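Q: Input: one structure, supplied below.
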Amino acid sequence: MSETRASRSIVAVTAHSGDFVWRAGGALALSAARGDAVKVICLSFGERGESQGLWARPGMELETVKRVRREEAEAAAAALGVAVDFYDLGDYPLEVPREARERIVADLRAARPDVLLTHVADDPYNRDHNVAHETTLTTRMIAQAMGHDPATTPIGASQVLMFEPHQPEMCGFQPNLLLDVTPVFDRKRKAMEAMSAQGHLVDYYTELGRRRGVQARRNGAAADVVHAEAYQRVFPVVGGELV
């Protein structure tokens with residue numbers, strides 16, 4: 001992480017408040033460590049369908065679940081070194097009204113992301129993820145439109161990267177980027193451990209990081225790469241040579 005490079009803007013749009021930790025925590029921490037501006041937009045707290053550990057406690061109530069989920073996600077974001085914003089749109093199902101969509105567009109124009117991270121297009125197990133994906137592409141499109149809110153400046157052609165779903169073979173996920181997150185995996189582990197409502201996922205995503213690290217080495221990474229995250233680009237990469 002010592003190379004000289006221009007800082008960039010990274011925005012992650014996630015369905016639930018834990019998604020950015022499990023699926024993209026390494027990428028977000030790596031970007032933050034490199035001096036990039038990194039922002040996470042959580043469309044919901046995942047209070048209904050993503051908080052098994054909390055609902056198992058006696059006498060649990062919805063507002064308590066939401067409060068704890070927010071506190072955990074804030075602690076995780078701090079561990080990764082990134083900013084986080086909560087839209088509190090509700091989950092199972094996640095629905096994004098027009099006013100929330102307009103807010104995302106405004107956020108994108110303010111952040112001017114070089115890269116957007118979000119879910120896959122079609123997750124048969126969790127349709128909230130599909131909504132987040134479609135919302136990301138739709139708001140990206142609107143944020144690019146010259147005729148939308150002429151008082152603000154349209155964004156450019158941000159690349160969109162889909163992070164790995166829980167069961168990739170069921171979601172048509174075909175990674176074309178294996179990102180070395182070894183230097184910051186301790187930060188990701190700390191962020192994951194902050195998410196007590198889904199504590200059962202910590203070991204799962206730690207092991208997944210190791211497996212993707214093995215695959216990264218198989219695909220030409222250095223021998224000291226231990227942990228990696230998998231991503232699939234939505235748009236072509238533009239370059240001046242074959243690579």
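Chain labels run A, B, ... following the order of the structure tokens; each chain numbers its residues from 1, and ligands are numbered from 1 in the order shown.
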Which residues of region 190-241 of chain A sit at most 10 Å from region 26-42 of chain A, using only C-alpha atoms? Give each one's shortest atom pair and distance in Å (one decimal place), in chain and ascending residue order, as CSV.
A:
```
residue,atom,partner,partner_atom,distance
A:Ala191,CA,A:Gly26,CA,9.7
A:Gly209,CA,A:Gly26,CA,9.2
A:His227,CA,A:Gly26,CA,8.9
A:Ala228,CA,A:Gly26,CA,7.8
A:Glu229,CA,A:Gly26,CA,7.1
A:Ala230,CA,A:Ala27,CA,9.7
A:Tyr231,CA,A:Ala27,CA,9.8
```
Q: Under the rule of at most 12 Å, produce a per-residue listing of region 51-108 of chain A near region 142-161 of chain A: chain, number, name, the closest pair of atoms, and the distance in Å, as a tab-separated table, using only C-alpha atoms.
A:
```
residue	atom	partner	partner_atom	distance
A:Arg101	CA	A:Ile142	CA	9.5
A:Glu102	CA	A:Ile142	CA	8.9
A:Arg103	CA	A:Ala143	CA	10.6
A:Ile104	CA	A:Ala143	CA	8.9
A:Val105	CA	A:Ala143	CA	5.3
A:Ala106	CA	A:Ala143	CA	7.5
A:Asp107	CA	A:Ala143	CA	9.2
A:Leu108	CA	A:Ala143	CA	6.7
```
Q: Using only C-alpha atoms, which of the listed residues (A:Ser17, A:Thr139, A:Gln174, A:Asn126) sits closest to Ala197 (chain A)?
A: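 So, comparing all the options, the nearest one is A:Ser17.
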Q: If you measure from CA of His200 (chain A) to CA of Leu54 (chain A), what distance in Å do you get, rounded to one decimal?
A: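 For CA of His200 (chain A) relative to CA of Leu54 (chain A), the distance reads 12.1 Å.
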Q: Using only C-alpha atoms, which residues sit within 9 Å of His133 (chain A) once same-chain residues fewer than 2 positions away are excluded, as a list in words?
A: Val13, Thr14, Ala15, Thr118, His119, Val120, Ala121, Asp122, Asp128, His129, Asn130, Val131, Thr135, Thr136, Leu137, Thr138 and Met162 of chain A
Q: How about saving the chosen residues, N, CA and C atoms kept, as an mmCIF file, in the first residue's frame?
A:
```
data_model
loop_
_atom_site.group_PDB
_atom_site.id
_atom_site.type_symbol
_atom_site.label_atom_id
_atom_site.label_comp_id
_atom_site.auth_asym_id
_atom_site.auth_seq_id
_atom_site.Cartn_x
_atom_site.Cartn_y
_atom_site.Cartn_z
ATOM 1 N N VAL A 13 -23.565 0.405 -1.882
ATOM 2 C CA VAL A 13 -25.013 0.464 -1.640
ATOM 3 C C VAL A 13 -25.468 -0.938 -1.264
ATOM 4 N N THR A 14 -25.901 -1.106 -0.012
ATOM 5 C CA THR A 14 -26.233 -2.442 0.481
ATOM 6 C C THR A 14 -27.664 -2.503 0.985
ATOM 7 N N ALA A 15 -28.218 -3.684 0.925
ATOM 8 C CA ALA A 15 -29.610 -3.864 1.341
ATOM 9 C C ALA A 15 -29.767 -3.767 2.849
ATOM 10 N N THR A 118 -22.093 -3.208 -4.892
ATOM 11 C CA THR A 118 -23.454 -3.595 -4.506
ATOM 12 C C THR A 118 -23.631 -5.099 -4.696
ATOM 13 N N HIS A 119 -24.861 -5.540 -4.518
ATOM 14 C CA HIS A 119 -25.207 -6.955 -4.593
ATOM 15 C C HIS A 119 -25.310 -7.433 -6.042
ATOM 16 N N VAL A 120 -25.449 -8.748 -6.195
ATOM 17 C CA VAL A 120 -25.710 -9.336 -7.504
ATOM 18 C C VAL A 120 -27.119 -8.981 -7.958
ATOM 19 N N ALA A 121 -27.347 -9.175 -9.250
ATOM 20 C CA ALA A 121 -28.646 -8.807 -9.823
ATOM 21 C C ALA A 121 -29.761 -9.767 -9.427
ATOM 22 N N ASP A 122 -29.423 -11.040 -9.232
ATOM 23 C CA ASP A 122 -30.483 -12.037 -9.002
ATOM 24 C C ASP A 122 -30.062 -13.030 -7.928
ATOM 25 N N ASP A 128 -34.308 -8.859 -1.379
ATOM 26 C CA ASP A 128 -33.856 -7.519 -0.981
ATOM 27 C C ASP A 128 -32.553 -7.171 -1.688
ATOM 28 N N HIS A 129 -31.698 -8.163 -1.902
ATOM 29 C CA HIS A 129 -30.423 -7.916 -2.572
ATOM 30 C C HIS A 129 -30.652 -7.471 -4.013
ATOM 31 N N ASN A 130 -31.638 -8.072 -4.682
ATOM 32 C CA ASN A 130 -31.961 -7.679 -6.048
ATOM 33 C C ASN A 130 -32.419 -6.220 -6.101
ATOM 34 N N VAL A 131 -33.220 -5.828 -5.105
ATOM 35 C CA VAL A 131 -33.709 -4.453 -5.051
ATOM 36 C C VAL A 131 -32.540 -3.480 -4.899
ATOM 37 N N THR A 135 -31.564 -0.698 -7.581
ATOM 38 C CA THR A 135 -31.535 0.677 -7.098
ATOM 39 C C THR A 135 -30.196 1.331 -7.409
ATOM 40 N N THR A 136 -29.118 0.580 -7.261
ATOM 41 C CA THR A 136 -27.789 1.116 -7.562
ATOM 42 C C THR A 136 -27.667 1.503 -9.029
ATOM 43 N N LEU A 137 -28.092 0.609 -9.925
ATOM 44 C CA LEU A 137 -27.992 0.905 -11.349
ATOM 45 C C LEU A 137 -28.931 2.048 -11.757
ATOM 46 N N THR A 138 -30.124 2.063 -11.179
ATOM 47 C CA THR A 138 -31.079 3.117 -11.525
ATOM 48 C C THR A 138 -30.592 4.482 -11.060
ATOM 49 N N MET A 162 -20.083 -6.100 -8.330
ATOM 50 C CA MET A 162 -20.969 -6.900 -7.493
ATOM 51 C C MET A 162 -20.124 -7.750 -6.567
#
```
Q: Find the spatial neighbours of region 57-61 of chain A, counting only C-alpha atoms, within a cut-off of 12 Å - ignore same-chain residues fewer than 6 positions away - and output them as a PyMOL selection string.
A: chain A and resi 47-48+51+67-68+197
Q: Counting only C-alpha atoms, which of A:Val21, A:Leu179, A:Ala221, A:Met141 gets nearest to Glu74 (chain A)?
A: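 For Glu74 (chain A), the nearest of the candidates is A:Val21.
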